[in-house]
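Trainee: Take a look at my_file_39.cif, mmCIF, C-alpha atoms:
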data_target
loop_
_atom_site.label_atom_id
_atom_site.label_comp_id
_atom_site.auth_asym_id
_atom_site.auth_seq_id
_atom_site.Cartn_x
_atom_site.Cartn_y
_atom_site.Cartn_z
CA MET B 8 -158.17 -132.96 -195.47
CA LEU B 9 -159.95 -132.19 -198.69
CA GLU B 10 -158.13 -133.26 -201.82
CA THR B 11 -157.66 -130.54 -204.39
CA ASN B 12 -155.18 -129.41 -206.98
CA LEU B 13 -153.39 -126.16 -207.56
CA GLU B 14 -155.35 -125.16 -210.64
CA ASN B 15 -158.60 -125.11 -208.66
CA LEU B 16 -157.09 -122.63 -206.19
CA ILE B 17 -156.38 -119.90 -208.75
CA ARG B 18 -158.73 -116.91 -208.54
CA PRO B 19 -160.34 -115.90 -211.87
CA ALA B 20 -159.11 -112.29 -211.67
CA ASN B 21 -155.54 -113.49 -211.12
CA ALA B 22 -155.81 -115.91 -214.03
CA ALA B 23 -156.99 -113.07 -216.26
CA THR B 24 -154.03 -110.87 -215.28
CA ALA B 25 -151.69 -113.80 -215.92
CA ASP B 26 -153.10 -114.12 -219.44
CA VAL B 27 -152.40 -110.43 -220.11
CA LEU B 28 -148.85 -110.71 -218.85
CA ARG B 29 -148.10 -113.86 -220.84
CA ASP B 30 -149.53 -112.41 -224.03
CA GLN B 31 -148.35 -108.80 -223.89
CA VAL B 32 -145.40 -108.40 -221.50
CA VAL B 33 -143.46 -111.64 -221.06
CA PRO B 34 -142.44 -111.91 -224.78
CA LEU B 35 -140.93 -108.42 -224.58
CA ILE B 36 -138.98 -109.23 -221.41
CA ASP B 37 -137.75 -112.56 -222.78
CA ALA B 38 -136.46 -110.75 -225.86
CA PHE B 39 -134.75 -108.06 -223.76
CA ARG B 40 -133.07 -110.42 -221.30
CA LEU B 41 -131.31 -112.19 -224.18
CA ARG B 42 -129.63 -108.91 -225.04
CA GLN B 43 -128.12 -108.70 -221.53
CA THR B 44 -124.86 -110.19 -220.29
CA ALA B 45 -124.69 -112.13 -217.02
CA LEU B 46 -124.01 -108.79 -215.28
CA GLY B 47 -127.26 -107.34 -216.57
CA VAL B 48 -125.70 -104.82 -218.97
CA ILE B 49 -126.21 -104.53 -222.73
CA PRO B 50 -122.89 -103.88 -224.47
CA ASP B 51 -123.17 -101.28 -227.23
CA PRO B 52 -126.90 -100.70 -226.72
CA THR B 53 -128.93 -99.57 -229.72
CA ASP B 54 -132.00 -97.41 -230.12
CA SER B 55 -133.97 -100.65 -230.49
CA ASP B 56 -132.84 -101.76 -227.02
CA ARG B 57 -133.93 -98.47 -225.49
CA GLU B 58 -137.24 -98.55 -227.34
CA LEU B 59 -137.89 -102.12 -226.20
CA LEU B 60 -137.20 -101.27 -222.57
CA THR B 61 -139.48 -98.23 -222.84
CA ARG B 62 -142.29 -100.44 -224.20
CA ILE B 63 -141.74 -102.85 -221.32
CA ARG B 64 -141.90 -99.98 -218.82
CA ASP B 65 -145.20 -98.72 -220.22
CA GLN B 66 -146.79 -102.18 -220.31
CA VAL B 67 -145.63 -103.07 -216.79
CA VAL B 68 -146.74 -99.75 -215.32
CA ALA B 69 -150.18 -100.29 -216.87
CA VAL B 70 -150.53 -103.75 -215.31
CA PHE B 71 -149.36 -102.49 -211.91
CA GLY B 72 -152.06 -99.83 -212.18
CA ASP B 73 -154.72 -102.38 -213.12
CA ILE B 74 -154.00 -104.49 -210.03
CA GLY B 75 -153.76 -101.50 -207.68
CA ARG B 76 -150.00 -101.43 -207.17
CA ASP B 77 -149.32 -97.75 -207.83
CA VAL B 78 -146.29 -97.62 -205.52
CA GLN B 79 -144.65 -100.47 -207.42
CA ALA B 80 -145.53 -98.83 -210.73
CA GLN B 81 -143.73 -95.63 -209.74
CA ALA B 82 -140.74 -97.53 -208.35
CA PHE B 83 -140.34 -99.53 -211.54
CA ALA B 84 -140.72 -96.48 -213.77
CA ASP B 85 -138.06 -94.62 -211.73
CA ASP B 86 -135.63 -97.55 -211.89
CA ILE B 87 -136.03 -97.75 -215.65
CA ALA B 88 -135.62 -93.99 -216.06
CA ASP B 89 -132.43 -94.07 -214.00
CA TRP B 90 -130.98 -96.92 -216.07
CA LEU B 91 -131.86 -95.26 -219.36
CA ASP B 92 -130.26 -92.01 -218.18
CA ARG B 93 -127.03 -93.74 -217.15
CA GLY B 94 -126.95 -96.01 -220.21
CA LEU B 95 -127.89 -99.65 -220.70
CA ASP B 96 -124.19 -100.51 -220.89
CA GLU B 97 -123.99 -99.57 -217.19
CA LYS B 98 -124.99 -101.97 -214.41
CA PRO B 99 -128.71 -101.80 -213.62
CA TYR B 100 -129.94 -100.95 -210.12
CA PHE B 101 -133.45 -101.82 -209.02
CA ASP B 102 -133.42 -100.84 -205.35
CA ARG B 103 -136.79 -99.08 -205.65
CA SER B 104 -138.50 -102.10 -207.24
CA ARG B 105 -136.90 -104.43 -204.68
CA ASP B 106 -138.07 -102.34 -201.75
CA ALA B 107 -141.56 -101.66 -203.13
CA PHE B 108 -142.37 -105.38 -203.42
CA SER B 109 -144.10 -106.79 -200.34
CA ARG B 110 -145.88 -109.82 -198.98
CA VAL B 111 -149.54 -110.36 -199.71
CA GLY B 112 -152.28 -112.28 -197.95
CA ASP B 113 -153.52 -115.79 -198.65
CA GLY B 114 -155.12 -115.98 -202.09
CA GLU B 115 -153.82 -112.56 -203.13
CA ALA B 116 -151.57 -111.93 -206.13
CA ALA B 117 -148.21 -110.18 -206.40
CA LEU B 118 -146.13 -109.01 -209.35
CA PHE B 119 -142.39 -108.35 -209.50
CA VAL B 120 -140.48 -106.96 -212.48
CA GLY B 121 -136.82 -106.03 -212.25
CA VAL B 122 -133.27 -107.12 -212.87
CA THR B 123 -132.60 -110.07 -210.60
CA ARG B 124 -130.94 -113.47 -210.40
CA ALA B 125 -133.19 -116.48 -210.95
CA THR B 126 -131.22 -118.98 -208.87
CA ASN B 127 -130.68 -122.44 -210.41
CA SER B 128 -132.63 -121.47 -213.49
CA THR B 129 -131.77 -122.52 -217.02
CA THR B 130 -129.24 -120.72 -219.17
CA PRO B 131 -128.55 -117.93 -219.85
CA SER B 132 -127.84 -117.33 -216.16
CA GLY B 133 -126.77 -114.21 -214.29
CA VAL B 134 -128.78 -111.14 -213.35
CA ARG B 135 -131.30 -110.23 -216.04
CA LEU B 136 -134.61 -108.49 -216.46
CA GLU B 137 -137.23 -110.89 -215.12
CA LEU B 138 -140.93 -110.98 -214.25
CA PHE B 139 -143.06 -113.19 -212.08
CA PHE B 140 -146.74 -113.04 -211.19
CA ILE B 141 -147.89 -115.26 -208.35
CA GLN B 142 -150.78 -116.11 -206.07
CA ARG B 143 -150.02 -116.88 -202.46
CA HIS B 144 -151.48 -120.05 -200.98
CA GLN B 145 -151.29 -121.08 -197.34
CA SER B 146 -152.51 -124.64 -196.89
CA ARG B 147 -154.53 -125.81 -193.93
CA LEU B 148 -151.73 -128.23 -193.05
CA LEU B 149 -149.19 -125.43 -192.79
CA ALA B 150 -151.60 -123.24 -190.81
CA GLU B 151 -151.93 -126.02 -188.23
CA VAL B 152 -148.16 -126.37 -187.91
CA GLU B 153 -147.73 -122.60 -187.66
CA SER B 154 -150.16 -122.48 -184.74
CA THR B 155 -148.07 -125.07 -182.89
CA TYR B 156 -144.70 -123.68 -183.93
CA PRO B 157 -145.06 -119.91 -184.37
CA HIS B 158 -142.36 -117.95 -186.17
CA ASP B 159 -141.95 -114.37 -184.99
CA HIS B 160 -139.75 -113.39 -187.95
CA ASP B 161 -141.76 -115.11 -190.68
CA VAL B 162 -141.62 -113.27 -194.02
CA HIS B 163 -142.14 -116.20 -196.41
CA MET B 164 -144.78 -116.72 -199.08
CA ASP B 165 -145.53 -120.12 -200.63
CA VAL B 166 -146.93 -119.34 -204.06
CA ILE B 167 -148.42 -120.64 -207.27
CA LEU B 168 -146.51 -119.28 -210.25
CA LEU B 169 -149.09 -117.90 -212.69
CA ALA B 170 -146.85 -116.20 -215.25
CA GLY B 171 -143.21 -115.35 -215.63
CA SER B 172 -140.21 -114.69 -217.81
CA GLU B 173 -137.93 -117.56 -218.78
CA GLY B 174 -135.68 -117.17 -215.75
CA PHE B 175 -138.59 -118.19 -213.53
CA THR B 176 -140.64 -120.41 -215.85
CA LEU B 177 -137.89 -122.53 -217.40
CA GLY B 178 -135.76 -124.71 -215.16
CA ASN B 179 -135.44 -125.16 -211.44
CA CYS B 180 -135.62 -121.71 -209.83
CA LEU B 181 -137.74 -122.12 -206.70
CA VAL B 182 -136.91 -118.96 -204.74
CA PHE B 183 -136.86 -115.19 -204.89
CA PHE B 184 -135.19 -113.10 -202.20
CA PRO B 185 -134.61 -109.33 -202.03
CA GLU B 186 -130.86 -109.92 -201.95
CA SER B 187 -131.11 -111.47 -205.43
CA VAL B 188 -132.08 -108.13 -206.99
CA ALA B 189 -129.40 -106.00 -208.67
CA ALA B 190 -129.15 -102.97 -206.38
CA HIS B 191 -126.86 -100.23 -205.06
CA ARG B 192 -127.57 -100.92 -201.40
CA PRO B 193 -127.51 -104.34 -199.72
CA ILE B 194 -130.52 -105.26 -197.64
CA GLU B 195 -130.27 -104.97 -193.89
CA ARG B 196 -133.10 -107.38 -193.15
CA GLN B 197 -135.21 -109.68 -195.31
CA SER B 198 -138.77 -108.41 -195.59
CA TYR B 199 -140.00 -111.20 -197.89
CA ALA B 200 -139.01 -114.57 -199.28
CA VAL B 201 -140.96 -116.08 -202.18
CA PHE B 202 -141.07 -119.84 -202.80
CA PHE B 203 -142.45 -121.07 -206.12
CA PHE B 204 -143.61 -124.38 -204.71
CA SER B 205 -146.15 -124.98 -207.47
CA LYS B 206 -143.08 -125.96 -209.53
CA PHE B 207 -141.75 -128.42 -206.98
CA PHE B 208 -143.94 -131.43 -207.82
CA ASP B 209 -142.47 -131.85 -211.30
CA ILE B 210 -138.91 -130.90 -210.32
CA HIS B 211 -138.82 -133.37 -207.43
CA ARG B 212 -140.20 -136.32 -209.38
CA THR B 213 -138.38 -135.87 -212.68
CA ILE B 214 -134.94 -134.84 -211.40
CA ALA B 215 -134.31 -135.56 -207.71
CA ALA B 216 -136.23 -138.83 -207.47
CA ALA B 217 -135.11 -139.95 -210.94
CA ASN B 218 -131.41 -139.45 -210.15
CA ALA B 219 -131.81 -141.16 -206.78
CA GLY B 220 -133.47 -144.11 -208.52
CA LEU B 221 -130.42 -144.48 -210.74
CA LEU B 222 -127.90 -144.27 -207.91
CA LEU B 223 -129.45 -145.86 -204.81
CA ASP B 224 -129.05 -149.57 -204.07
CA ASP B 225 -132.81 -149.67 -203.34
CA PRO B 226 -134.58 -147.18 -205.66
CA ASN B 227 -137.80 -147.44 -203.63
CA ARG B 228 -136.18 -146.84 -200.23
CA PHE B 229 -136.64 -143.06 -200.18
CA SER B 230 -139.50 -142.66 -202.64
CA SER B 231 -142.31 -141.59 -200.29
CA SER B 232 -142.01 -137.89 -201.16
CA ALA B 233 -142.09 -138.63 -204.90
CA ARG B 234 -145.35 -140.59 -204.47
CA LEU B 235 -147.27 -137.62 -203.05
CA ASP B 236 -149.97 -136.09 -205.22
CA GLU B 237 -149.48 -132.56 -206.55
CA TYR B 238 -151.27 -130.70 -203.79
CA LEU B 239 -149.92 -132.77 -200.89
CA CYS B 240 -146.44 -132.36 -202.34
CA PHE B 241 -146.97 -128.58 -202.28
CA GLN B 242 -148.06 -128.78 -198.65
CA VAL B 243 -145.18 -130.94 -197.45
CA ARG B 244 -142.68 -128.75 -199.30
CA SER B 245 -144.29 -125.77 -197.58
CA LEU B 246 -143.72 -127.44 -194.21
CA TRP B 247 -140.06 -127.86 -195.11
CA GLY B 248 -139.75 -124.24 -196.17
CA TYR B 249 -141.50 -122.81 -193.10
CA LEU B 250 -139.71 -124.92 -190.49
CA HIS B 251 -136.39 -124.46 -192.29
CA ASP B 252 -136.78 -120.68 -192.15
CA ARG B 253 -137.95 -120.78 -188.53
CA ALA B 254 -134.80 -122.64 -187.52
CA HIS B 255 -132.64 -119.88 -189.04
CA PHE B 256 -133.77 -117.64 -186.17
CA SER B 257 -132.33 -119.76 -183.38
CA GLY B 258 -128.92 -119.92 -181.75
CA PRO B 259 -126.29 -117.28 -180.94
CA TRP B 260 -126.00 -116.08 -184.57
CA SER B 261 -129.69 -115.75 -185.36
CA MET B 262 -130.69 -114.64 -188.84
CA ALA B 263 -132.65 -111.82 -187.17
CA ASP B 264 -129.45 -109.90 -186.48
CA ASN B 265 -126.96 -111.51 -188.86
CA ALA B 266 -128.64 -111.73 -192.28
CA VAL B 267 -125.61 -110.42 -194.16
CA LEU B 268 -123.16 -112.63 -192.23
CA LYS B 269 -125.25 -115.71 -193.02
CA MET B 270 -124.66 -114.98 -196.73
CA HIS B 271 -120.98 -115.88 -196.28
CA TRP B 272 -120.56 -118.95 -198.47
CA PHE B 273 -119.07 -121.32 -195.89
CA ILE B 274 -121.31 -120.18 -193.05
CA GLY B 275 -124.24 -120.66 -195.39
CA VAL B 276 -123.36 -124.30 -196.13
CA ILE B 277 -123.40 -125.43 -192.51
CA GLU B 278 -126.35 -123.16 -191.74
CA GLU B 279 -128.52 -124.74 -194.45
CA ILE B 280 -127.70 -128.26 -193.29
CA LYS B 281 -128.22 -127.35 -189.64
CA VAL B 282 -131.69 -125.90 -190.09
CA ASP B 283 -132.83 -128.82 -192.27
CA VAL B 284 -131.69 -131.31 -189.65
CA LYS B 285 -133.31 -129.34 -186.84
CA LEU B 286 -136.67 -129.44 -188.61
CA LEU B 287 -136.29 -133.18 -189.24
CA LEU B 288 -135.54 -133.81 -185.57
CA MET B 289 -138.57 -131.71 -184.64
CA ALA B 290 -140.75 -133.73 -187.01
CA ARG B 291 -139.41 -137.04 -185.73
CA GLU B 292 -139.75 -136.22 -182.06
CA GLY B 293 -142.71 -133.85 -182.04
CA ASP B 294 -146.11 -133.57 -183.66
CA VAL B 295 -145.09 -132.34 -187.12
CA PRO B 296 -146.65 -134.73 -189.68
CA TYR B 297 -145.02 -136.46 -192.65
CA PHE B 298 -141.57 -137.14 -191.17
CA ASP B 299 -140.76 -139.88 -193.72
CA GLU B 300 -141.80 -137.67 -196.62
CA LEU B 301 -139.84 -134.72 -195.25
CA PHE B 302 -136.74 -136.87 -194.74
CA SER B 303 -136.83 -138.32 -198.25
CA MET B 304 -137.69 -134.94 -199.79
CA ILE B 305 -134.72 -133.20 -198.17
CA LEU B 306 -132.34 -136.09 -198.83
CA LEU B 307 -133.30 -136.43 -202.49
CA GLU B 308 -133.19 -132.71 -203.18
CA ARG B 309 -129.90 -131.93 -201.45
CA VAL B 310 -127.92 -135.06 -202.30
CA PHE B 311 -129.40 -136.18 -205.63
CA ARG B 312 -130.67 -133.01 -207.34
CA TYR B 313 -128.56 -130.02 -206.32
CA PRO B 314 -125.23 -131.61 -207.39
CA LEU B 315 -126.61 -131.94 -210.93
CA GLU B 316 -126.62 -128.16 -211.34
CA PRO B 317 -124.19 -126.78 -213.95
CA HIS B 318 -120.73 -126.13 -212.51
CA PRO B 319 -121.52 -127.48 -209.02
CA GLU B 320 -118.14 -126.23 -207.77
CA ARG B 321 -119.62 -122.71 -207.85
CA ASN B 322 -123.20 -123.56 -206.93
CA PHE B 323 -124.11 -122.99 -203.30
CA ASP B 324 -126.97 -125.52 -203.19
CA ALA B 325 -124.77 -128.16 -204.80
CA GLY B 326 -122.17 -127.49 -202.13
CA THR B 327 -124.69 -128.22 -199.36
CA GLY B 328 -125.67 -131.51 -200.98
CA ILE B 329 -122.13 -132.69 -201.56
CA PHE B 330 -121.14 -131.70 -198.01
CA LEU B 331 -124.10 -133.73 -196.68
CA PHE B 332 -123.20 -136.73 -198.89
CA SER B 333 -119.58 -136.82 -197.72
CA TYR B 334 -120.46 -136.19 -194.08
CA LEU B 335 -122.89 -139.12 -194.02
CA GLN B 336 -120.28 -141.29 -195.72
CA ASP B 337 -117.65 -140.27 -193.17
CA ARG B 338 -120.01 -141.16 -190.31
CA GLY B 339 -120.86 -144.57 -191.77
CA ALA B 340 -124.51 -143.79 -192.55
CA LEU B 341 -123.85 -143.83 -196.31
CA GLU B 342 -121.81 -146.37 -198.26
CA ILE B 343 -120.84 -146.82 -201.88
CA ARG B 344 -120.93 -150.50 -202.79
CA GLY B 345 -120.59 -151.85 -206.30
CA GLY B 346 -121.11 -148.42 -207.79
CA VAL B 347 -124.40 -147.76 -205.98
CA ILE B 348 -125.20 -145.81 -202.84
CA GLY B 349 -126.68 -147.30 -199.69
CA ILE B 350 -128.09 -145.04 -196.95
CA ASP B 351 -129.28 -146.12 -193.51
CA GLN B 352 -132.04 -143.73 -192.44
CA GLY B 353 -131.70 -144.36 -188.72
CA GLY B 354 -127.93 -144.03 -188.88
CA ALA B 355 -128.26 -140.88 -190.95
CA VAL B 356 -130.59 -139.24 -188.42
CA GLU B 357 -128.21 -139.98 -185.56
CA ALA B 358 -125.20 -138.76 -187.55
CA LEU B 359 -127.00 -135.55 -188.39
CA ARG B 360 -128.05 -135.10 -184.78
CA ALA B 361 -124.35 -135.13 -183.89
CA LEU B 362 -123.62 -132.67 -186.71
CA VAL B 363 -126.11 -130.16 -185.31
CA VAL B 364 -124.45 -130.46 -181.90
CA ASP B 365 -121.06 -129.75 -183.50
CA ILE B 366 -122.36 -126.79 -185.54
CA GLU B 367 -124.09 -125.20 -182.57
CA ALA B 368 -120.93 -125.67 -180.47
CA LEU B 369 -118.98 -123.93 -183.24
CA GLU B 370 -121.47 -121.07 -183.15
CA ARG B 371 -121.17 -120.67 -179.38
CA ASP B 372 -117.36 -120.76 -179.55
CA SER B 373 -117.25 -118.11 -182.29
CA LEU B 374 -117.13 -114.82 -180.41
CA THR B 375 -116.67 -112.52 -183.42
CA PRO B 376 -117.86 -112.57 -187.05
CA ASP B 377 -114.29 -113.25 -188.19
CA GLU B 378 -114.05 -116.26 -185.87
CA TYR B 379 -117.43 -117.51 -187.11
CA ARG B 380 -116.33 -117.23 -190.75
CA TRP B 381 -113.01 -118.96 -190.04
CA ASN B 382 -114.51 -121.80 -188.00
CA ALA B 383 -117.26 -122.42 -190.54
CA THR B 384 -114.73 -122.51 -193.37
CA GLN B 385 -112.61 -125.08 -191.54
CA MET B 386 -115.63 -127.32 -190.90
CA VAL B 387 -116.76 -127.19 -194.52
CA ARG B 388 -113.24 -127.82 -195.80
CA ARG B 389 -113.25 -131.26 -194.17
CA TYR B 390 -115.65 -132.38 -196.89
CA LEU B 391 -115.41 -129.77 -199.66
CA VAL B 392 -111.72 -129.66 -200.54
CA GLU B 393 -110.11 -126.48 -201.79
CA SER B 394 -109.90 -126.04 -205.57
CA THR B 395 -107.00 -124.76 -207.62
CA VAL B 396 -109.42 -123.33 -210.20
CA ALA B 397 -110.05 -119.60 -209.83
CA GLY B 398 -113.65 -118.90 -208.88
CA ASP B 399 -114.46 -122.44 -207.73
CA LYS B 400 -115.42 -122.82 -204.08
CA TYR B 401 -114.27 -126.43 -203.91
CA ALA B 402 -113.14 -129.37 -206.04
CA LEU B 403 -115.12 -132.57 -206.50
CA THR B 404 -113.44 -135.76 -205.30
CA ASP B 405 -113.73 -139.00 -207.25
CA GLU B 406 -116.28 -140.36 -204.78
CA GLN B 407 -118.37 -137.19 -204.91
CA ARG B 408 -118.52 -137.42 -208.69
CA ILE B 409 -120.82 -140.44 -208.40
CA LEU B 410 -123.66 -137.98 -207.79
CA ARG B 411 -123.11 -136.62 -211.31
CA ARG B 412 -122.68 -139.98 -213.04
CA HIS B 413 -125.90 -139.49 -215.00
CA VAL B 414 -125.66 -135.73 -215.46
CA GLU B 415 -125.47 -136.04 -219.25
CA HIS B 416 -128.83 -137.80 -219.24
CA PHE B 417 -130.47 -134.93 -217.35
CA ASP B 418 -128.65 -132.28 -219.38
CA ALA B 419 -130.06 -133.81 -222.56
CA VAL B 420 -133.63 -133.34 -221.37
CA PRO B 421 -135.14 -129.88 -222.09
CA PRO B 422 -135.65 -127.78 -218.95
CA LEU B 423 -139.03 -128.11 -217.30
CA ASP B 424 -141.44 -125.50 -218.62
CA PHE B 425 -143.73 -123.72 -216.14
CA SER B 426 -144.91 -120.99 -218.47
CA ARG B 427 -148.53 -122.09 -218.08
CA THR B 428 -150.58 -122.29 -214.88
CA PRO B 429 -150.52 -125.59 -212.92
CA SER B 430 -152.94 -128.29 -213.95
CA ALA B 431 -154.31 -131.38 -212.31
#
Could you render the structure as structure tokens?
Mentor:
Amino acid sequence: MLETNLENLIRPANAATADVLRDQVVPLIDAFRLRQTALGVIPDPTDSDRELLTRIRDQVVAVFGDIGRDVQAQAFADDIADWLDRGLDEKPYFDRSRDAFSRVGDGEAALFVGVTRATNSTTPSGVRLELFFIQRHQSRLLAEVESTYPHDHDVHMDVILLAGSEGFTLGNCLVFFPESVAAHRPIERQSYAVFFFSKFFDIHRTIAAANAGLLLDDPNRFSSSARLDEYLCFQVRSLWGYLHDRAHFSGPWSMADNAVLKMHWFIGVIEEIKVDVKLLLMAREGDVPYFDELFSMILLERVFRYPLEPHPERNFDAGTGIFLFSYLQDRGALEIRGGVIGIDQGGAVEALRALVVDIEALERDSLTPDEYRWNATQMVRRYLVESTVAGDKYALTDEQRILRRHVEHFDAVPPLDFSRTPSA
């Protein structure tokens, strides 16, 4: 496999468009999003707010035109017109922009502008006006795995982030889904899923691996994923993303027919763990490469990074990591000794194999959506205890708090900045 880096993959025309967006459009959007609340509205909007949004509309429509996206240009202009007519102190709806966005081919660029949630980004959080401009990249490694393990419902794009507003360029947002967009109508089926894996190299090394190094009894035990170079890290993370999504479309409650049901918080927790374990078992027992790197990557991200997110009691990804931590501890594959964490990889794999068996039995025994929701909630509640705080999905136990022992250290570090294109 030829060694390369992400910067060398960027097409000149896409780099030129990224420069235009960064110079002329992104500053306007970053100024506007600060005027919004977490619900996307602007209380007591002024003429200046309306004028700024109109400038943004004109600039964005021009760029869409330049890159041949006339349908998106019209959709965005109509969404803005509708919001201006109703008033910026009313909730924004960007159904047209959401539905006009689509997947592109390898090496091609895509632009999204609309009010959306940038999950796990830096503050201010919530749904706000955001922009991202990306180039899709499918690595040779992933293409080989796809040929062996085809995915009939594949809608994902692994991308290089070329330009974006602060919600996407500052902090840890790695995903964009249509259900994240502020809209009147919920989606019936996902038609795309965007993964900003050009950001992953820095996030994984400086947060996940760093926190694991502070908490594990052997800091080097699960460091193989953090030792990958930038491009190989992108490729292995792409394997995780592809096989993870493929596993969602298996079992009696396949994502193909139950996308909305899978968004239920407690179903989602066991679903995310299940599909990660299924891909690990496939890698261990089949011909998917980089099992050790995949195992350490998933373990470090879920257990040692996600729980560091602000207010983990309300953060879905944090919930999956804390569930996994406590499950492994309950099964004897993880121990806390002398204030540090020890994990037995072999024991963890076998424990997780048993967990998949239990989850899939739960799915088969759940004959209705209500039964599925109830059974999933009961399983999750074994490890994520109910909170007395309104809005919290669970309460952290004293043992679970070890994962956040060094959170003040990470909070004191400025969020990672991805406002420029990747470099070697």
Trainee: With the PyMOL selection byres ((chain B and resi 144) around 12) as the selection, what would be picked from this file? Answer as number ranges by chain, please.
Mentor: B: 12-18, 110-117, 141-143, 145-150, 163-168, 201-205, 238, 241-242, 245
Trainee: Wanna dump the segment 305-333 of chain B-segment 410-419 of chain B contacts at 7 Å for me, each residue with its shortest atom pair and the distance in Å to one decimal, counting all atoms listed in the file, ordered by chain and number, as JSON lines?
Mentor:
{"residue": "B:Phe311", "atom": "CA", "partner": "B:Leu410", "partner_atom": "CA", "distance": 6.4}
{"residue": "B:Pro314", "atom": "CA", "partner": "B:Leu410", "partner_atom": "CA", "distance": 6.6}
{"residue": "B:Leu315", "atom": "CA", "partner": "B:Arg411", "partner_atom": "CA", "distance": 5.9}
Trainee: Which centre and which edge lengths, in Å to one decimal, describe the axis-aligned box that holds all listed atoms of segment 240-258 of chain B after 8 Å is added on each side, as lines of an AutoDock Vina configuration file?
Mentor:
center_x = -138.5
center_y = -125.0
center_z = -192.0
size_x = 35.1
size_y = 30.7
size_z = 36.6
Trainee: Got a sec to resolve the PyMOL selection byres ((chain B and resi 379) around 12) on this structure and send the residues as a PyMOL selection string?
Mentor: chain B and resi 259-260+265+268-269+271-275+277-278+366-378+380-386
Trainee: Go ahead and write the residues just picked, C-alpha atoms, as an mmCIF file, in the coordinates of the input.
Mentor:
data_model
loop_
_atom_site.group_PDB
_atom_site.id
_atom_site.type_symbol
_atom_site.label_atom_id
_atom_site.label_comp_id
_atom_site.auth_asym_id
_atom_site.auth_seq_id
_atom_site.Cartn_x
_atom_site.Cartn_y
_atom_site.Cartn_z
ATOM 1 C CA PRO B 259 -126.290 -117.280 -180.940
ATOM 2 C CA TRP B 260 -126.000 -116.080 -184.570
ATOM 3 C CA ASN B 265 -126.960 -111.510 -188.860
ATOM 4 C CA LEU B 268 -123.160 -112.630 -192.230
ATOM 5 C CA LYS B 269 -125.250 -115.710 -193.020
ATOM 6 C CA HIS B 271 -120.980 -115.880 -196.280
ATOM 7 C CA TRP B 272 -120.560 -118.950 -198.470
ATOM 8 C CA PHE B 273 -119.070 -121.320 -195.890
ATOM 9 C CA ILE B 274 -121.310 -120.180 -193.050
ATOM 10 C CA GLY B 275 -124.240 -120.660 -195.390
ATOM 11 C CA ILE B 277 -123.400 -125.430 -192.510
ATOM 12 C CA GLU B 278 -126.350 -123.160 -191.740
ATOM 13 C CA ILE B 366 -122.360 -126.790 -185.540
ATOM 14 C CA GLU B 367 -124.090 -125.200 -182.570
ATOM 15 C CA ALA B 368 -120.930 -125.670 -180.470
ATOM 16 C CA LEU B 369 -118.980 -123.930 -183.240
ATOM 17 C CA GLU B 370 -121.470 -121.070 -183.150
ATOM 18 C CA ARG B 371 -121.170 -120.670 -179.380
ATOM 19 C CA ASP B 372 -117.360 -120.760 -179.550
ATOM 20 C CA SER B 373 -117.250 -118.110 -182.290
ATOM 21 C CA LEU B 374 -117.130 -114.820 -180.410
ATOM 22 C CA THR B 375 -116.670 -112.520 -183.420
ATOM 23 C CA PRO B 376 -117.860 -112.570 -187.050
ATOM 24 C CA ASP B 377 -114.290 -113.250 -188.190
ATOM 25 C CA GLU B 378 -114.050 -116.260 -185.870
ATOM 26 C CA ARG B 380 -116.330 -117.230 -190.750
ATOM 27 C CA TRP B 381 -113.010 -118.960 -190.040
ATOM 28 C CA ASN B 382 -114.510 -121.800 -188.000
ATOM 29 C CA ALA B 383 -117.260 -122.420 -190.540
ATOM 30 C CA THR B 384 -114.730 -122.510 -193.370
ATOM 31 C CA GLN B 385 -112.610 -125.080 -191.540
ATOM 32 C CA MET B 386 -115.630 -127.320 -190.900
#
Trainee: Just checking: using only C-alpha atoms, which residue out of B:Arg312, B:Arg360, B:His251, B:Arg408 ends up closest to Thr213 of chain B?
Mentor: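 For Thr213 of chain B, the nearest of the given residues is B:Arg312.
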